[in-house]
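A.B. asks: Quick one: this structure, given as structure tokens, is what I'll be asking you about.
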There are 2 protein chains.
Amino acid sequence: MISLAEARGLDATDPLRGFRDRFHLPDDIIYLDGNSLGPLPLAARDAVRATVHGEWGNGLIRSWNDADWIGAPARVGAKLARLIGAAPGEAVVADSTSVDLFKLIVAALRLRPDRPVVLTEVGNFPTDLYVAEGAVRCVTGARLHTVEPEAVEAAIDAETAVVVLTHVHYKTARRRDMKRLTALAHATGALVVWDLSHSVGAIPLDLKDADADFAVGCGYKFLNGGPGAPAFMFAAERLHPSLASPISGWMGHAEPFAFSDAWRPAAGIERLLAGTPPILGLAALEAGVDLMLDADMATIAAKSAQLFDVFKGLMDERLAGRGFTCISPVDAAERGSHIAFSHPNGFAIMQALIARGVIGDYRRPDILRFGLTPLYLSYADVWRAVDLLAEIMASEAWRTEAPEPQGGSVT
Amino acid sequence: MISLAEARGLDATDPLRGFRDRFHLPDDIIYLDGNSLGPLPLAARDAVRATVHGEWGNGLIRSWNDADWIGAPARVGAKLARLIGAAPGEAVVADSTSVDLFKLIVAALRLRPDRPVVLTEVGNFPTDLYVAEGAVRCVTGARLHTVEPEAVEAAIDAETAVVVLTHVHYKTARRRDMKRLTALAHATGALVVWDLSHSVGAIPLDLKDADADFAVGCGYKFLNGGPGAPAFMFAAERLHPSLASPISGWMGHAEPFAFSDAWRPAAGIERLLAGTPPILGLAALEAGVDLMLDADMATIAAKSAQLFDVFKGLMDERLAGRGFTCISPVDAAERGSHIAFSHPNGFAIMQALIARGVIGDYRRPDILRFGLTPLYLSYADVWRAVDLLAEIMASEAWRTEAPEPQGGSVT
């Protein structure tokens, strides 16, 4: 078992230790929820301020050109592409993950008009399932087929148009083998849409190597893009010419400012854009992505793995017999960047932690999640978090927490 | 013809004169483009700062509940409802105008499954046409029928499922008679989706009195919600129970945080929500809406009409014989809140104006638009703008401007 002094020793030689000072983190908080909402990068604070005061306040309408607001979806997309192993013209930032997923599922279905099935898994992130339900209603003859996670591979067949999967599971952090699954799907002629919400900025990604078709991902988790940050879409360049978004808005037009009456899609990935881009959200997200690009994903992944091992090692020693079961894969290669435990009193225990300044989150029915975010989390943070949890369990302080309400917090 | 001194006299007794100080307006600018991007309300600057620093920076994930981020789409929607004559539960803020329009056209088509036609007009705002094209592809058997503006009424028949019209035209400012057209459509059993982008915050609206079915509108024009501000949707309460959004994302679910696998729409207008709300954009928009609610729409409309008359009167006198044709209706009741002129050298003339600090905008092929925004525009501003235009035309200063490029500015 690691001591606090040893944890501090790891921090002293951590190659990422310089990044913590680039975030605003409240003094009294250990933040283990960066997998749900990343904290504020100082550069994002400054970027939003500059966008509001300088670009909106002083530049006014001129900033669409002068500050390249109009280029922001493609510009931030090109930066993001580097985090996912894509070419600059293969990613674009727009709308929310739900809306982007809708666009890509419908677009993918249209690329396989002779195949009716969208295949996904039980227990996928809920909005992915809901959106897939909605998307199949928009394509004549299409239908949704939802199978158990372990049955997905066998279920891919000649009827499958599109497989919709989350790369890293939001509860367990289980990581899908993107390359293997994509190859399997391609072998039958199917396409795959990956949800990278819990992967991007968390683990190294190489969509080109995986020969991926489509992906979406979230801007406000590991990318630290701010609450409700716009999401991104990836589409392999080979698919662009035949890609038809159901939401054919003016920003996806070949000439948005020609104001012509008839739809004509842009040549590249911009054809997936719809409405006017959300500039304030894009400014914050761009700062978050820039910050992430300053770090090395392999170094981030190595520290994430070690944070996991320290966390789990301490839990195994200090919380043994307290009812916690680690539900995350122990092999780092099969995992994203959070650690999850089930516990029958999970809700109350998480409330007790949060009340004492250790912020993780709870997911029904019994899961405690802790985000492992190497850019601003120290080994000492993890040590203190588990120490507090041990204290809460020993004192049974969690018993005084209010019962679980119907609502909950946002992933 | 009004003199500058007389214009100043009107400003001195203007009941809205106190509002100008609540905006950040650069000293050297006369801003006549608030119909395209409203300027920065000081309260929006402060709200974004508080959201970034306090709520995101310090509150972190807790702000979804503590700062009611999760309630923002409905909360801001309820405020906005007061500007359009709707009940609080009939409006919600989400996504972009294009995405919202897509949702409502598909939802409306589904309410009239035995009718195939979406009817709209030639020269409608381009994204409305593009989105309508995309929406009909998502409903089996549906098709788009686009007719000349004056032919719309006669074209509504038993095949018409949905009429999609813009209330105030983005070029001419021509205002449609919402009540009459809605009644006509209802008489044949059709529904109407109104685009209020150039109406909301510009003129008094009473959707209840018009018995309107659906509407969308833009947050960044007359509402001063900031660049790419989220848009809003209106749906009459009587339609909520049968309303099915094509983009069934988790924020539209009856229990978003139950994380259940199956889609079940929220009871009210929240069922039109899709993904996680864009919090920074919502914060700025809420400040813009709050500011607008502090003023009286009838007072705003009266000043808008008078600004128009002053503008047009000065143009008629001082720019006579210079090739300008006013293409906006002269009757205030048939108009929104901008004034537009055609001129064969419109592009170069607008560039010359902008270079000298008078910001309007240009729309192909030959239109100069000037937004009339009573909260921060003075009669003296209008006087000086026309004075500058007269100078530019007399000196032919516009002839040295670069020719029109392929691109353009954002509406």
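Ordering of the structure tokens sets the chain letters (A, B, ...), residue numbers begin anew at 1 in every chain, and ligands are numbered from 1 in the order given.
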Up to 7 Å from chain A, what residues of chain B turn up? Count only C-alpha atoms and give them as a PyMOL selection string.

C.D. replies: chain B and resi 24-26+37+39-40+45+52+56-58+60-61+64+95-99+102+122-123+126-127+129-131+134-135+138-140+227-229+246-250+257+259-263+274-281+407-410

A.B. asks: Pull C-alpha atoms from the residues just selected and write them as a PDB file, in the first residue's frame.

C.D. replies:
ATOM      1  CA  HIS B  24     -21.470  47.910 -24.715  1.00  0.00           C
ATOM      2  CA  LEU B  25     -21.258  49.910 -27.940  1.00  0.00           C
ATOM      3  CA  PRO B  26     -17.897  50.980 -29.392  1.00  0.00           C
ATOM      4  CA  LEU B  37     -26.034  40.183 -34.488  1.00  0.00           C
ATOM      5  CA  PRO B  39     -24.578  44.043 -29.511  1.00  0.00           C
ATOM      6  CA  LEU B  40     -23.305  42.992 -26.088  1.00  0.00           C
ATOM      7  CA  ARG B  45     -21.004  40.148 -20.212  1.00  0.00           C
ATOM      8  CA  VAL B  52     -17.522  30.756 -16.292  1.00  0.00           C
ATOM      9  CA  TRP B  56     -18.051  26.347 -13.963  1.00  0.00           C
ATOM     10  CA  GLY B  57     -14.804  27.285 -12.206  1.00  0.00           C
ATOM     11  CA  ASN B  58     -15.906  26.930  -8.596  1.00  0.00           C
ATOM     12  CA  LEU B  60     -17.999  22.483 -11.282  1.00  0.00           C
ATOM     13  CA  ILE B  61     -20.392  19.579 -11.857  1.00  0.00           C
ATOM     14  CA  TRP B  64     -26.065  21.453 -12.942  1.00  0.00           C
ATOM     15  CA  ASP B  95     -29.883  23.980 -30.430  1.00  0.00           C
ATOM     16  CA  SER B  96     -29.824  26.254 -33.485  1.00  0.00           C
ATOM     17  CA  THR B  97     -32.703  27.634 -35.516  1.00  0.00           C
ATOM     18  CA  SER B  98     -31.893  25.131 -38.290  1.00  0.00           C
ATOM     19  CA  VAL B  99     -31.943  22.126 -35.956  1.00  0.00           C
ATOM     20  CA  PHE B 102     -35.910  20.407 -38.611  1.00  0.00           C
ATOM     21  CA  VAL B 122     -39.436  30.961 -52.941  1.00  0.00           C
ATOM     22  CA  GLY B 123     -36.929  33.357 -51.403  1.00  0.00           C
ATOM     23  CA  PRO B 126     -32.199  29.867 -47.268  1.00  0.00           C
ATOM     24  CA  THR B 127     -31.686  27.606 -44.271  1.00  0.00           C
ATOM     25  CA  LEU B 129     -35.642  25.988 -47.455  1.00  0.00           C
ATOM     26  CA  TYR B 130     -32.630  23.708 -47.051  1.00  0.00           C
ATOM     27  CA  VAL B 131     -33.894  22.299 -43.772  1.00  0.00           C
ATOM     28  CA  GLY B 134     -33.962  17.652 -45.546  1.00  0.00           C
ATOM     29  CA  ALA B 135     -36.987  17.207 -43.304  1.00  0.00           C
ATOM     30  CA  CYS B 138     -37.136  11.956 -43.223  1.00  0.00           C
ATOM     31  CA  VAL B 139     -40.867  11.270 -43.517  1.00  0.00           C
ATOM     32  CA  THR B 140     -42.057   8.597 -45.906  1.00  0.00           C
ATOM     33  CA  PRO B 227     -22.922  35.052 -31.536  1.00  0.00           C
ATOM     34  CA  GLY B 228     -24.459  31.664 -32.280  1.00  0.00           C
ATOM     35  CA  ALA B 229     -26.811  31.958 -29.295  1.00  0.00           C
ATOM     36  CA  PRO B 246     -37.171  13.069 -34.629  1.00  0.00           C
ATOM     37  CA  ILE B 247     -34.107  13.796 -32.478  1.00  0.00           C
ATOM     38  CA  SER B 248     -35.106  11.936 -29.349  1.00  0.00           C
ATOM     39  CA  GLY B 249     -32.153  12.811 -27.138  1.00  0.00           C
ATOM     40  CA  TRP B 250     -31.868  12.323 -23.413  1.00  0.00           C
ATOM     41  CA  PHE B 257     -31.301  10.724 -15.245  1.00  0.00           C
ATOM     42  CA  PHE B 259     -30.659   6.196 -17.555  1.00  0.00           C
ATOM     43  CA  SER B 260     -33.214   3.722 -18.842  1.00  0.00           C
ATOM     44  CA  ASP B 261     -32.726   2.083 -22.223  1.00  0.00           C
ATOM     45  CA  ALA B 262     -36.104   2.943 -23.775  1.00  0.00           C
ATOM     46  CA  TRP B 263     -37.273   6.307 -25.053  1.00  0.00           C
ATOM     47  CA  ALA B 274     -32.183  16.694 -27.494  1.00  0.00           C
ATOM     48  CA  GLY B 275     -28.654  16.994 -26.097  1.00  0.00           C
ATOM     49  CA  THR B 276     -26.956  18.682 -23.153  1.00  0.00           C
ATOM     50  CA  PRO B 277     -27.816  22.410 -23.164  1.00  0.00           C
ATOM     51  CA  PRO B 278     -25.108  24.938 -24.167  1.00  0.00           C
ATOM     52  CA  ILE B 279     -24.721  26.715 -20.832  1.00  0.00           C
ATOM     53  CA  LEU B 280     -22.447  29.611 -21.843  1.00  0.00           C
ATOM     54  CA  GLY B 281     -24.735  30.503 -24.735  1.00  0.00           C
ATOM     55  CA  GLY B 407     -18.265  34.967 -49.413  1.00  0.00           C
ATOM     56  CA  GLY B 408     -20.250  37.342 -47.237  1.00  0.00           C
ATOM     57  CA  SER B 409     -21.329  38.079 -43.707  1.00  0.00           C
ATOM     58  CA  VAL B 410     -23.615  36.104 -41.480  1.00  0.00           C
TER      59      VAL B 410
END

A.B. asks: So which residues touch Phe341 (chain A) within 9 Å, counting only C-alpha atoms, skipping near sequence neighbours fewer than 6 positions away, as a list in words?

C.D. replies: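 Non-adjacent residues within range: Thr172, Phe324, Thr325, Cys326, Ile327, Ser328, Asp366, Ile367, Leu368, Arg369 and Phe370 of chain A.
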
A.B. asks: So that I can check the secondary structure, give me every residue of region 147-352 of chain A assigned helix (DSSP H, G or I) by backbone DSSP, as a PyMOL selection string.

C.D. replies: chain A and resi 149-155+178-188+237-242+250-252+256-258+269-272+279-294+297-318+332-334+346-352

A.B. asks: List the spatial neighbours of Leu319 (chain A) as a ChimeraX atom specification - criterion: any atom at most 12 Å away, only C-alpha atoms, same-chain residues fewer than 6 positions off excluded.

C.D. replies: /A:1,311-313,325-326,341,343,386-394

A.B. asks: Using only C-alpha atoms, can you tell me which of A:Leu4, A:Val193, A:Val76, A:Leu109 comes closest to Gly219 (chain A)?

C.D. replies: A:Val76

A.B. asks: To test your reading of the structure, identify every residue in region 107-323 of chain A that backbone DSSP assigns to strand (DSSP E or B), and report it as a VMD selection string.

C.D. replies: chain A and resid 117 to 121 143 to 147 160 to 166 168 174 to 175 191 to 195 214 to 217 232 to 235 253 265

A.B. asks: Quick one, how far is CA of Ala185 (chain A) from CA of Ala333 (chain A)?

C.D. replies: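 If I compute the distance from CA of Ala185 (chain A) to CA of Ala333 (chain A), I get 21.5 Å.
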
A.B. asks: Counting only C-alpha atoms, what is within 10 Å of region 232-242 of chain B, bar same-chain residues fewer than 6 positions away, as a ChimeraX atom specification?

C.D. replies: /B:73-74,76-77,80-81,84,86-97,100-101,103-104,107-108,110-111,193-197,207-208,211-219,265-273

A.B. asks: Can you tell me, as a list in words, what residues are no more than 6 Å from Ala173 (chain A) when counting only C-alpha atoms, ignoring any on the same chain fewer than 3 positions away?

C.D. replies: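 After dropping sequence-adjacent residues, the list is Val168, His169, Tyr170, Ser328, Arg335 and Gly336 of chain A.
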
A.B. asks: Rank nothing, just name the residue among B:Ser199, B:Ser304, B:Thr182, B:Ser378 nearest to Thr166 (chain B), using only C-alpha atoms.

C.D. replies: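 Closest residue, counting only C-alpha atoms: B:Ser199.
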
A.B. asks: As an exercise, work out the distance from CA of Glu401 (chain B) to CA of Ala348 (chain B) in Å and give it to one decimal place.

C.D. replies: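 Distance between the two atoms: 5.5 Å.
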
A.B. asks: In Å, how far is it from CA of Ala161 (chain A) to CA of Thr120 (chain A)?

C.D. replies: 11.3 Å

A.B. asks: Near Gly371 (chain B), counting only C-alpha atoms, which residues have an atom at most 7 Å away, once you skip same-chain residues fewer than 3 positions from it, shown as a list of chain:residue names?

C.D. replies: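 Contacts, in chain order: B:Leu32, B:Asp33, B:Gly34, B:Asn35, B:Ser337, B:His338, B:Ile339.
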
A.B. asks: What lies within 7 Å of Leu307 (chain A) using only C-alpha atoms, ignoring chain neighbours under 4 positions off, as a list in words?

C.D. replies: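 Within the cut-off, the hits are Lys303, Phe311, Leu372 and Tyr379 of chain A.
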